[in-house]
Structures are given as structure tokens and as C-alpha cells.
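To keep things clear, I will list the structure first and then write my remarks on it.
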Amino acid sequence: MNKRVLDSDVQEYIDSHLTADVHKIAMAKSPFPDVSAAELAGQIAAKNKCAKKLPSWFQQKGVYYPALLSVEQCSSEATAQYKSSLALGGPLIDLTGGFGVDSYYFAKTTTAVTHCEINKELSEIAAYNARVFGQTNMQFLQGDGLEYLTSADKTFDTIYIDPARRSSSGKVFMLKDCTPDVVSNLGLMLSKAKCIIIKTAPLLDLTAGLKELSNVAEIHILSVRNEVKELLWVIEQDKQADQKIKIVAMTLNYAMKQFSFYRNENGDIAEEGLASNHSEDAAGQPEDITAQQISIDSYLYEPDAALMKSGAFDLITNKYNLSKLDQQTQLYFSESINPSFPGRIFRISNFLSATVLKKRKDLTGNVIVRNYPDKAENLVKKYKIKPDREKFLIFTHSRSEGHLIIEAEIIQHY
């Protein structure tokens with residue numbers, strides 16, 4: 001950590017060059033004898049990354065930024081603030097502190113936070129920024145968090161850990177493939193805290209995670225703008241064997257919306273108090289409706305990615321009193337609008353076939369593809385569809401009608 005970066009003239013330079021080409025700055029001669037061109041470029045790139053992800057950091061004067069990769073890997077301000085609500089009120093230890101965003105928000109809801117970070121410079125940066133923000137109930141330890149937890153003669157209300165994948169290849173991974181190894185060290189952590197919060201990447205399958213972890217009480221699926229950002233596994237020291245697991249799908253947009261239910265460890269949904277509003281077919285699934293049963297000016301509901309990750313596709317129909325066009329297409333319909341729904345809502349204006357669409361000229365609309373044998377970009381070229389902010393063409397499938405195109409206007413965004 002080069003403290004000369006914090007000099008007022010250097011800070012003024014950084015703020016005045018936020019729109020400049022950082023590659024040119026890195027290659028040019030630095031105007032400051034004690035701050036390299038690479039350091040200037042790095043501070044500018046990292047600060048720009050914080051503009052939307054960490055607006056409080058971006059707006060705060062005197063923040064020292066780490067390498068860009070550390071900013072890219074840290075939690076966003078929205079997710080950090082949400083997860084701070086999951087911690088118990090007493091002392092918390094963050095075993096993988098990093099840039100310190102999560103620790104900062106945990107410090108606002110707990111009595112004290114111990115921030116552990118194996119990287120010396122990153123630990124120094126996090127400690128410095130905490131002083132800039134005036135957060136005084138934080139302790140910073142440079143070193144391996146699990147080693148400290150093993151040797152320290154103290155316990156905590158909450159342990160937070162964010163294990164990193166050892167390999168970035170492949171779409172499927174297991175927690176044992178991450179470092180620190182939370183699976184092997186779960187017993188240690190359970191002996192040291194009442195509650196453990198594990199952050200994982202969205203790619204981790206819920207059922208696979210439950211097979212590796214014990215004492216899971218809750219799983220929180222966090223999404224921002226229809227993109228699942230992280231999974232939070234809440235593990236309780238005194239969790240009962242027959243206690244059902246709560247699944248929470250949370251959208252962190254301009255309006256926070258929550259969809260929650262309970263499931264057993266084998267994946268069976270165990271929601272209580274929700275009776276089905278729909279008839280079922282012989283296989284026990286809610287019956288599909290036909291396009292003829294949907295009136296023009298009715299509403300199409302597209303679930304947020306967090307709901308999709310939860311896997312409770314049929315429960316969505318019950319909770320929001322919706323119907324599905326096809327069991328393999330996660331699109332829902334209703335004659336009325338429900339603004340509490342986590343996802344987009346469209347007003348249907350027409351149903352079309354591919355044959356009818358070919359005859360149409362001057363087509364406009366954003367293209368959505370759901371269970372349709374082509375890609376959106378190909379369909380845009382094929383039918384010469386011009387973009388439109390409010391109009392949509394939804395290419396999908398109905399078990400009764402086959403391939404189907406729905407014309408619609410967006411009523412509610414994510």
C-alpha cells in the first residue's frame with residue numbers, strides 16, 4: 001500500500017481522469033515521483049468499477065483501492081447490506097475478509113467484527129478504509145482465518161466465509177473444490193460459532209450443496225437485475241434434524257422482493273399452508289392452459305433468475321395464482337396484475353404463428369426465447385425485427401399449439 005497515493009494532488013488527478021484511457025495512463029510517464037503510472041491506472045480502474053457496484057466507496061473521499069481483481073471479486077454493496085441482516089448480533093469473524101465490504105456492513109449490525117485476510121496489502125487497505133468510513137468496531141488480522149480460528153481461545157456468534165473456486169473451468173463444481181475447504185472445516189466452525197454464513201457462486205447446485213453441508217437452516221438466493229449474484233448458506237449450530245430448510249429467493253433491485261418456501265434435504269418442496277389453485281394432470285403436475293384460454297390484454301409473468309434458481313416452478317403458480325402455458329416453459333399467465341411478483345410482467349396484445357409473423361413488416365420489439373428452437377439474435381435477423389424499449393416478441397412453446405409467438409408490452413421491469 002503506497003500511502004503517497006492518498007496525497008491530495010494525486011487524489012485530484014485520479015478524480016479528474018476517471019473518463020481517461022487507463023491503458024494510456026499506465027504506459028505514460030507518471031506526473032508524480034512517488035506514485036507510478038501503473039498505480040495511477042490501477043486506482044482509476046478500480047474506482048470506476050465501484051461507481052455502480054460500491055457507490056458509497058466511489059463517493060467517499062480518500063478511499064484507497066486494491067487491485068482491480070479484488071474489486072471485481074468482492075460483494076456488491078446491495079448484497080453485502082442484505083447479508084448483514086442474516087448475522088446474529090454478537091461478535092462476528094470474517095475468515096476471508098478481502099476488500100472488507102462484507103465486514104463493513106456486518107460491523108453495522110453486530111457488536112464487533114474480526115476481519116481476517118491472508119494478503120498483507122489487502123488487509124492494510126481494508127483497515128485503512130474502515131478508518132476512512134469511521135467504523136470503529138472492527139479488528140484486522142493479517143493471516144489465515146481458519147488457522148486463527150483454530151488457535152484462538154474464543155467463540156463468535158457468527159462466522160462468515162467466502163470460499164473461492166480452485167478452478168474456473170466447467171459449469172458444475174462442489175464446495176470441496178473451493179479454498180478454504182468449508183466441508184472439511186465445518187466441524188471446527190460449528191464448534192466456534194452459533195451461526196455460519198457461507199457465500200458461494202450461483203453455479204453451485206442447491207441439492208449438491210446440501211449433500212456436502214450439514215446443519216443448513218436457510219439458503220438465500222440473491223439476484224440483481226435478473227442475474228443471480230450469490231448463494232448464502234446459513235448453518236445453525238443447534239439446527240434440529242427434522243427442521244425444514246428455508247429457501248429465500250431475493251431480488252435486490254429498486255424494490256426488494258422476496259419469494260420463500262421450505263424444502264426437505266432431498267429436494268421435496270414442503271411449503272406449508274399453500275393449497276393448489278389449479279387442477280392437476282395424471283402425472284400430478286398443474287395442467288397447462290391453451291392460448292385460446294388466455295384473453296388479449298391478460299398478463300404474462302416471467303420469473304426473476306432467483307426464482308428460477310430456487311426450482312419451485314409449480315409453487316409459483318400457487319403463490320401468485322398463475323397458470324402455465326407449458327410445463328417445460330417457465331412462463332406464467334393471469335387475467336390480473338400482481339406487482340409483488342419478483343420478475344417482469346407483460347400485457348399480452350396478440351398470439352402469432354411463424355407463418356403469420358413472416359407476413360408482418362416493420363416488426364419492432366425485444367426478442368425473448370423460451371423453449372423455442374432458435375436463438376434470439378437469429379430470430380431478429382430472420383424477421384428483421386427492430387428494437388423497442390416497451391414492446392416484446394416472446395418466442396415460446398405450448399403443448400397444445402406447438403411453437404408460438406406472443407406480442408406483448410412490458411408493464412413491470414425487474
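Residues in the C-alpha cells are named by chain (A, B, ... in the order shown) and by number from 1 within that chain; ligands are numbered from 1 in the order shown.
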
Closest atom pairs, residues of range 196-244 of chain A within 9 Å of range 176-190 of chain A, only C-alpha atoms, as CSV:
residue,atom,partner,partner_atom,distance
A:Ile196,CA,A:Met189,CA,7.3
A:Ile198,CA,A:Val182,CA,8.3
A:Glu212,CA,A:Val183,CA,6.5
A:Leu213,CA,A:Val183,CA,6.5
A:Ser214,CA,A:Leu186,CA,8.2
A:Ile235,CA,A:Leu190,CA,8.4
A:Glu236,CA,A:Leu190,CA,7.9
A:Gln237,CA,A:Leu190,CA,5.6

Nearby residues (only C-alpha atoms) at most 12 Å from Ser8 in chain A, same-chain spacing under 3 positions excluded, as a PyMOL selection string = chain A and resi 3-5+11-15+32+61-63

message = Between A:Asn366, A:Tyr148, A:Ala41, A:Lys246, which residue has the minimum interatomic distance to His17 in chain A, considering only C-alpha atoms?
response =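 Residue with the minimum atom-to-atom distance to His17 in chain A: A:Ala41.
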
Pick from A:Lys324, A:His397, A:Lys382, A:Arg370 nearest to Phe351 in chain A, counting only C-alpha atoms =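 With only C-alpha atoms as the atom set, the closest residue is A:His397.
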
query = Closest to Leu307 in chain A among A:Val248, A:Ile197, A:Leu404, A:Leu40, using only C-alpha atoms?
reply = A:Val248

Sel. of strand (DSSP E) residues, range 86-304 of chain A, as an MDAnalysis selection string = chainID A and resid 92:94 113:117 138:142 156:161 164:165 178:179 193:200 216:224 227:236 245:252 256:263 299:303

Produce a file of the selected residues containing C-alpha atoms, as a compact mmCIF listing (two decimals), in the first residue's frame.
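This is the output file result-v6.txt:
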# COMPACT_ATOMS: atom_id res chain seq x y z
CA LEU A 92 -18.59 -11.96 14.03
CA ILE A 93 -15.44 -13.18 12.32
CA ASP A 94 -14.96 -12.81 8.56
CA VAL A 113 -16.12 -7.78 13.57
CA THR A 114 -12.78 -9.55 13.16
CA HIS A 115 -11.55 -9.24 9.57
CA CYS A 116 -9.04 -11.91 8.54
CA GLU A 117 -7.14 -11.61 5.27
CA MET A 138 -13.56 -3.72 13.50
CA GLN A 139 -10.33 -5.62 14.17
CA PHE A 140 -8.00 -6.52 11.29
CA LEU A 141 -5.78 -9.59 11.39
CA GLN A 142 -3.36 -10.40 8.57
CA PHE A 156 -18.27 -15.96 17.97
CA ASP A 157 -21.95 -15.52 17.33
CA THR A 158 -21.39 -15.70 13.56
CA ILE A 159 -18.69 -16.92 11.18
CA TYR A 160 -18.71 -15.63 7.61
CA ILE A 161 -16.65 -17.27 4.87
CA ALA A 164 -13.07 -19.33 -3.85
CA ARG A 165 -13.22 -21.97 -6.57
CA CYS A 178 -13.01 -24.49 -3.13
CA THR A 179 -10.50 -22.87 -0.83
CA ALA A 193 -19.95 -20.16 16.38
CA LYS A 194 -23.73 -20.38 16.71
CA CYS A 195 -24.23 -19.39 13.08
CA ILE A 196 -22.14 -19.84 9.93
CA ILE A 197 -22.83 -17.94 6.71
CA ILE A 198 -21.17 -19.37 3.60
CA LYS A 199 -21.20 -17.38 0.37
CA THR A 200 -20.92 -19.41 -2.84
CA VAL A 216 -28.20 -26.00 6.83
CA ALA A 217 -31.16 -23.95 8.07
CA GLU A 218 -31.59 -21.48 5.21
CA ILE A 219 -30.41 -20.85 1.65
CA HIS A 220 -30.69 -17.31 0.29
CA ILE A 221 -30.53 -16.75 -3.47
CA LEU A 222 -29.63 -13.13 -4.26
CA SER A 223 -30.18 -11.60 -7.67
CA VAL A 224 -29.71 -8.12 -9.11
CA GLU A 227 -28.75 -12.13 -12.54
CA VAL A 228 -28.10 -14.42 -9.58
CA LYS A 229 -25.07 -12.92 -7.85
CA GLU A 230 -24.52 -15.29 -4.94
CA LEU A 231 -25.92 -18.02 -2.74
CA LEU A 232 -25.84 -17.69 1.03
CA TRP A 233 -25.92 -20.87 3.12
CA VAL A 234 -26.98 -20.21 6.72
CA ILE A 235 -25.83 -23.02 9.00
CA GLU A 236 -27.01 -23.20 12.60
CA ILE A 245 -34.75 -25.83 5.14
CA LYS A 246 -35.98 -22.37 4.24
CA ILE A 247 -35.29 -21.21 0.68
CA VAL A 248 -35.38 -17.46 0.09
CA ALA A 249 -35.21 -16.02 -3.43
CA MET A 250 -34.48 -12.31 -3.03
CA THR A 251 -34.37 -9.71 -5.78
CA LEU A 252 -32.27 -6.66 -4.88
CA MET A 256 -36.63 -5.67 -2.91
CA LYS A 257 -38.95 -8.63 -3.39
CA GLN A 258 -38.89 -11.97 -1.63
CA PHE A 259 -40.18 -15.43 -2.55
CA SER A 260 -39.69 -18.06 0.14
CA PHE A 261 -40.70 -21.63 0.88
CA TYR A 262 -39.46 -24.72 2.70
CA ARG A 263 -37.94 -27.88 1.29
CA TYR A 299 -50.75 -10.73 -18.33
CA LEU A 300 -47.63 -12.80 -18.88
CA TYR A 301 -45.26 -13.28 -15.93
CA GLU A 302 -41.55 -14.01 -16.38
CA PRO A 303 -39.86 -15.09 -13.09

request  = Using backbone DSSP assignments, extract all helix (DSSP H, G or I) residues from range 275-374 of chain A; output them as a PyMOL selection string.
outcome  = chain A and resi 291-293+305-310+313-319+354-359
